[in-house]
Amino acid sequence: MLASCISVASVRTLTRLCSLVLVLALGLGSELRVRVRLADGLVAEEVLEADSERDAITLEFKQGDGTLVTFVVDFKQDVKIFRALILGELERGQNQYQALCFVSRLNRNEIISSESMARLRQKNPQAIRLAEDRRGLEQMTMSASVNLSRAGQLSSHIHHMCSEARNAIYTRECDVKHWLDKGVDGSIFEVLPQTAEAPGFQACHSTKDLWQPCLCTYSLRLEWYPCLLKYCRSRDTTGKGSTYKCGIKSCSKGYHFTYFVPQKQLCLWDEET
């Protein structure tokens with residue numbers, strides 16, 4: 001039985017609340033493993049970890065093509081980090097894998113807090129979860145690169161997360177402006193060529209020469225994550241009402257990144273089919 005069901009007064013309410021797939025337990029925990037169905041129909045296991053001390057959340061899963069996707073939320077710095085470790089095409093001269101990192105500002109109410117995440121428990125670990133709210137695809141033009149050696153000003157998590165993507169750490173112009181306004185050193189960032197400034201650059205999928213610069217695109221989707229808390233109402237013996245946390249709302253969200261690469265060889269997945 002789920003721990004958060006204990007405080008409910010009536011048997012009817014008890015039964016209803018215990019039918020929730022995921023609820024907030026009284027005891028603290030750090031890891032949750034959730035089975036989700038990916039866009040290609042395959043079932044993957046998401047690992048969600050909460051670090052209350054560092055006030056951070058990590059979500060990680062492996063896609064059907066072997067790509068390892070990691071998503072980190074740093075609540076202390078209001079920063080989110082996406083990392084993709086993509087298996088390379090050895091027969092085409094690539095390394096064993098290629099690392100990409102995308103860094104952006106965290107918006108309000110995107111995901112539940114690390115403290116709430118640490119309290120999550122699930123009733124049936126074998127069930128395949130479907131998000132209640134399937135949010136749209138967010139287009140993100142990454143117009144600047146981030147210097148790994150100085151990125152600690154943005155988040156202490158970047159160095160660990162993105163060390164393998166040293167020359168492929170990207171962010172948006174609007175995020176750069178936000179961080180500069182907060183006093184971050186501008187030497188962290190380097191502006192990349194974009195379509196408006198360099199109209200000669202083509203999309204990588206229409207570029208034939210593997211050694212030509214082009215605009216690459218990469219997409220990923222977080223199929224399941226707890227985005228909001230749910231609240232229930234109860235009454236004590238005097239009839240006085242109160243609210244308490246009794247569960248979560250789950251969301252799914254896709255991201256489409258566009259960024260400059262100095263050669264198409266670094267963007268072989270983005271090809272015409």
# chains A, B, ... in the order shown; residues from 1 in each chain; ligands from 1
$ residues_around --residues "Ile188 (chain A)" --least-positions-apart "5" --cutoff "10 Å" --atoms "only C-alpha atoms" --output "list in words"
Ala144, Ser145, Val146, Asn147, Leu148, Ser149, Arg150, Ala151, Gly152, Gln153, Leu154, Val176 and Leu180 of chain A
$ write_last_selection --atoms "N, CA, C and O atoms" --output "compact mmCIF listing (two decimals), in the first residue's frame"
# COMPACT_ATOMS: atom_id res chain seq x y z
N ALA A 144 24.75 29.76 -30.15
CA ALA A 144 26.04 30.00 -29.51
C ALA A 144 26.58 28.69 -28.94
O ALA A 144 25.81 27.79 -28.59
N SER A 145 27.90 28.62 -28.84
CA SER A 145 28.52 27.47 -28.18
C SER A 145 28.97 27.90 -26.78
O SER A 145 29.13 29.08 -26.48
N VAL A 146 29.15 26.91 -25.90
CA VAL A 146 29.51 27.16 -24.51
C VAL A 146 30.91 26.59 -24.26
O VAL A 146 31.18 25.43 -24.61
N ASN A 147 31.78 27.38 -23.63
CA ASN A 147 33.13 26.95 -23.29
C ASN A 147 33.06 26.06 -22.06
O ASN A 147 32.69 26.51 -20.98
N LEU A 148 33.43 24.79 -22.22
CA LEU A 148 33.30 23.83 -21.13
C LEU A 148 34.09 24.23 -19.89
O LEU A 148 33.62 24.09 -18.76
N SER A 149 35.30 24.73 -20.08
CA SER A 149 36.17 25.04 -18.94
C SER A 149 35.63 26.17 -18.07
O SER A 149 36.03 26.29 -16.91
N ARG A 150 34.72 26.99 -18.62
CA ARG A 150 34.18 28.12 -17.85
C ARG A 150 32.69 27.97 -17.57
O ARG A 150 32.06 28.87 -17.01
N ALA A 151 32.12 26.84 -17.96
CA ALA A 151 30.67 26.67 -17.88
C ALA A 151 30.15 26.50 -16.46
O ALA A 151 28.94 26.52 -16.24
N GLY A 152 31.04 26.35 -15.49
CA GLY A 152 30.60 26.22 -14.11
C GLY A 152 29.83 27.43 -13.61
O GLY A 152 29.06 27.32 -12.65
N GLN A 153 30.00 28.57 -14.27
CA GLN A 153 29.22 29.76 -13.90
C GLN A 153 27.73 29.56 -14.18
O GLN A 153 26.89 30.16 -13.51
N LEU A 154 27.43 28.74 -15.18
CA LEU A 154 26.04 28.47 -15.51
C LEU A 154 25.47 27.37 -14.63
O LEU A 154 24.37 27.48 -14.10
N VAL A 176 21.65 33.32 -23.62
CA VAL A 176 22.90 34.05 -23.44
C VAL A 176 22.61 35.45 -22.89
O VAL A 176 23.24 35.91 -21.93
N LEU A 180 23.92 36.93 -19.35
CA LEU A 180 24.76 38.13 -19.33
C LEU A 180 24.15 39.20 -18.43
O LEU A 180 24.86 39.88 -17.69
$ residues_around --residues "Cys101 (chain A)" --least-positions-apart "2" --cutoff "12 Å" --atoms "only C-alpha atoms" --output "PyMOL selection string"
chain A and resi 68-72+80-86+98-99+103-104+142+144-148+157-171+218+257+259
$ residues_around --residues "Gln96 (chain A)" --least-positions-apart "4" --cutoff "9 Å" --atoms "only C-alpha atoms" --output "PyMOL selection string"
chain A and resi 86-90
$ write_last_selection --atoms "C-alpha atoms" --output "PDB file, in the first residue's frame"
ATOM      1  CA  ILE A  86      24.871   8.945 -30.320  1.00  0.00           C
ATOM      2  CA  LEU A  87      26.443   5.777 -31.701  1.00  0.00           C
ATOM      3  CA  GLY A  88      28.858   6.663 -34.499  1.00  0.00           C
ATOM      4  CA  GLU A  89      28.979   5.193 -37.981  1.00  0.00           C
ATOM      5  CA  LEU A  90      32.437   3.608 -37.925  1.00  0.00           C
TER       6      LEU A  90
END
$ closest_residue --among "A:Lys253, A:Arg221, A:Glu173, A:Ser187" --to "Ser143 (chain A)" --atoms "only C-alpha atoms"
A:Glu173
$ residues_around --residues "Asp51 (chain A)" --least-positions-apart "4" --cutoff "7 Å" --atoms "only C-alpha atoms" --output "list of chain:residue names"
A:Ser30, A:Asp55, A:Ala56, A:Ile57, A:Ser114
$ write_last_selection --atoms "all heavy atoms" --output "PDB file, in the first residue's frame"
ATOM      1  N   SER A  30      15.570   8.288  -3.791  1.00  0.00           N
ATOM      2  CA  SER A  30      16.352   9.050  -4.758  1.00  0.00           C
ATOM      3  C   SER A  30      16.186   8.566  -6.192  1.00  0.00           C
ATOM      4  O   SER A  30      16.527   9.280  -7.112  1.00  0.00           O
ATOM      5  CB  SER A  30      17.835   9.008  -4.382  1.00  0.00           C
ATOM      6  OG  SER A  30      18.304   7.671  -4.414  1.00  0.00           O
ATOM      7  N   ASP A  55      19.853  19.931  -5.161  1.00  0.00           N
ATOM      8  CA  ASP A  55      18.615  20.451  -5.732  1.00  0.00           C
ATOM      9  C   ASP A  55      18.599  20.238  -7.249  1.00  0.00           C
ATOM     10  O   ASP A  55      18.502  21.188  -8.034  1.00  0.00           O
ATOM     11  CB  ASP A  55      18.439  21.932  -5.401  1.00  0.00           C
ATOM     12  CG  ASP A  55      16.989  22.386  -5.543  1.00  0.00           C
ATOM     13  OD1 ASP A  55      16.106  21.508  -5.720  1.00  0.00           O
ATOM     14  OD2 ASP A  55      16.727  23.602  -5.468  1.00  0.00           O
ATOM     15  N   ALA A  56      18.703  18.964  -7.632  1.00  0.00           N
ATOM     16  CA  ALA A  56      18.777  18.616  -9.052  1.00  0.00           C
ATOM     17  C   ALA A  56      18.026  17.326  -9.314  1.00  0.00           C
ATOM     18  O   ALA A  56      17.823  16.506  -8.423  1.00  0.00           O
ATOM     19  CB  ALA A  56      20.228  18.484  -9.498  1.00  0.00           C
ATOM     20  N   ILE A  57      17.630  17.156 -10.578  1.00  0.00           N
ATOM     21  CA  ILE A  57      16.947  15.955 -11.045  1.00  0.00           C
ATOM     22  C   ILE A  57      17.650  15.468 -12.303  1.00  0.00           C
ATOM     23  O   ILE A  57      18.046  16.272 -13.160  1.00  0.00           O
ATOM     24  CB  ILE A  57      15.464  16.240 -11.361  1.00  0.00           C
ATOM     25  CG1 ILE A  57      14.665  16.460 -10.073  1.00  0.00           C
ATOM     26  CG2 ILE A  57      14.837  15.107 -12.164  1.00  0.00           C
ATOM     27  CD1 ILE A  57      13.243  16.928 -10.318  1.00  0.00           C
ATOM     28  N   SER A 114      12.955  18.800  -6.853  1.00  0.00           N
ATOM     29  CA  SER A 114      13.770  17.629  -6.519  1.00  0.00           C
ATOM     30  C   SER A 114      13.258  16.965  -5.242  1.00  0.00           C
ATOM     31  O   SER A 114      13.294  15.733  -5.114  1.00  0.00           O
ATOM     32  CB  SER A 114      15.231  18.040  -6.357  1.00  0.00           C
ATOM     33  OG  SER A 114      15.387  18.986  -5.315  1.00  0.00           O
TER      34      SER A 114
END
$ atom_distance --atom1 "CA of Gln122 (chain A)" --atom2 "CA of Glu31 (chain A)"
11.2 Å
$ atom_distance --atom1 "CA of Thr217 (chain A)" --atom2 "CA of Cys204 (chain A)"
7.8 Å
$ atom_distance --atom1 "CA of Asp209 (chain A)" --atom2 "CA of His256 (chain A)"
23.6 Å
$ residues_around --residues "Cys251 (chain A)" --least-positions-apart "6" --cutoff "8 Å" --atoms "only C-alpha atoms" --output "number ranges by chain"
A: 131-135, 223-227
$ select_by_dssp --residues "region 69-242 of chain A" --states "strand (DSSP E or B)" --output "ChimeraX atom specification"
/A:69-74,79-87,97-105,120-122,128-129,133-142,144-146,169-171,189-191,203,214-235,241-242
$ residues_around --residues "Lys230 (chain A)" --least-positions-apart "2" --cutoff "7 Å" --atoms "only C-alpha atoms" --output "PyMOL selection string"
chain A and resi 228+232+245-249
$ closest_residue --among "A:Val79, A:Leu215, A:Leu229, A:Leu222" --to "Ser156 (chain A)" --atoms "only C-alpha atoms"
A:Val79
$ closest_residue --among "A:Asp78, A:Arg121, A:Asp236, A:Gln126" --to "Val43 (chain A)" --atoms "only C-alpha atoms"
A:Gln126
$ closest_residue --among "A:Gly66, A:Ile128, A:Asp74, A:Lys123" --to "Arg35 (chain A)" --atoms "only C-alpha atoms"
A:Ile128
$ residues_around --residues "Ser234 (chain A)" --least-positions-apart "2" --cutoff "9 Å" --atoms "only C-alpha atoms" --output "PDB file with N, CA, C and O atoms, in the first residue's frame"
ATOM      1  N   VAL A   8      -5.536   9.523   4.711  1.00  0.00           N
ATOM      2  CA  VAL A   8      -6.883   9.762   4.204  1.00  0.00           C
ATOM      3  C   VAL A   8      -7.906   9.165   5.161  1.00  0.00           C
ATOM      4  O   VAL A   8      -7.776   8.026   5.593  1.00  0.00           O
ATOM      5  N   ALA A   9      -8.924   9.939   5.469  1.00  0.00           N
ATOM      6  CA  ALA A   9      -9.853   9.546   6.518  1.00  0.00           C
ATOM      7  C   ALA A   9     -10.808   8.434   6.105  1.00  0.00           C
ATOM      8  O   ALA A   9     -10.917   7.414   6.762  1.00  0.00           O
ATOM      9  N   CYS A 232      -5.210  17.130  -3.223  1.00  0.00           N
ATOM     10  CA  CYS A 232      -6.520  16.620  -2.824  1.00  0.00           C
ATOM     11  C   CYS A 232      -7.002  17.365  -1.579  1.00  0.00           C
ATOM     12  O   CYS A 232      -6.198  17.978  -0.862  1.00  0.00           O
ATOM     13  N   ASP A 236     -11.290  17.364   8.580  1.00  0.00           N
ATOM     14  CA  ASP A 236     -11.071  16.719   9.867  1.00  0.00           C
ATOM     15  C   ASP A 236     -12.413  16.500  10.568  1.00  0.00           C
ATOM     16  O   ASP A 236     -13.481  16.735   9.988  1.00  0.00           O
ATOM     17  N   GLY A 239     -14.936  19.223  10.540  1.00  0.00           N
ATOM     18  CA  GLY A 239     -15.426  19.677   9.245  1.00  0.00           C
ATOM     19  C   GLY A 239     -14.535  20.682   8.564  1.00  0.00           C
ATOM     20  O   GLY A 239     -14.853  21.176   7.481  1.00  0.00           O
ATOM     21  N   LYS A 240     -13.403  21.015   9.188  1.00  0.00           N
ATOM     22  CA  LYS A 240     -12.492  21.980   8.594  1.00  0.00           C
ATOM     23  C   LYS A 240     -11.743  21.343   7.424  1.00  0.00           C
ATOM     24  O   LYS A 240     -11.187  20.253   7.551  1.00  0.00           O
ATOM     25  N   GLY A 241     -11.734  22.014   6.284  1.00  0.00           N
ATOM     26  CA  GLY A 241     -11.094  21.477   5.093  1.00  0.00           C
ATOM     27  C   GLY A 241      -9.621  21.843   4.992  1.00  0.00           C
ATOM     28  O   GLY A 241      -9.184  22.867   5.525  1.00  0.00           O
ATOM     29  N   SER A 242      -8.858  21.010   4.308  1.00  0.00           N
ATOM     30  CA  SER A 242      -7.436  21.276   4.056  1.00  0.00           C
ATOM     31  C   SER A 242      -7.022  20.558   2.778  1.00  0.00           C
ATOM     32  O   SER A 242      -7.714  19.658   2.304  1.00  0.00           O
ATOM     33  N   THR A 243      -5.908  20.977   2.197  1.00  0.00           N
ATOM     34  CA  THR A 243      -5.389  20.345   0.988  1.00  0.00           C
ATOM     35  C   THR A 243      -4.043  19.699   1.290  1.00  0.00           C
ATOM     36  O   THR A 243      -3.319  20.130   2.187  1.00  0.00           O
ATOM     37  N   TYR A 244      -3.703  18.654   0.539  1.00  0.00           N
ATOM     38  CA  TYR A 244      -2.432  17.974   0.701  1.00  0.00           C
ATOM     39  C   TYR A 244      -2.022  17.387  -0.646  1.00  0.00           C
ATOM     40  O   TYR A 244      -2.859  17.146  -1.528  1.00  0.00           O
TER      41      TYR A 244
END
$ closest_residue --among "A:Gln212, A:Asn95, A:Ser219, A:Thr141" --to "Gln63 (chain A)" --atoms "only C-alpha atoms"
A:Ser219
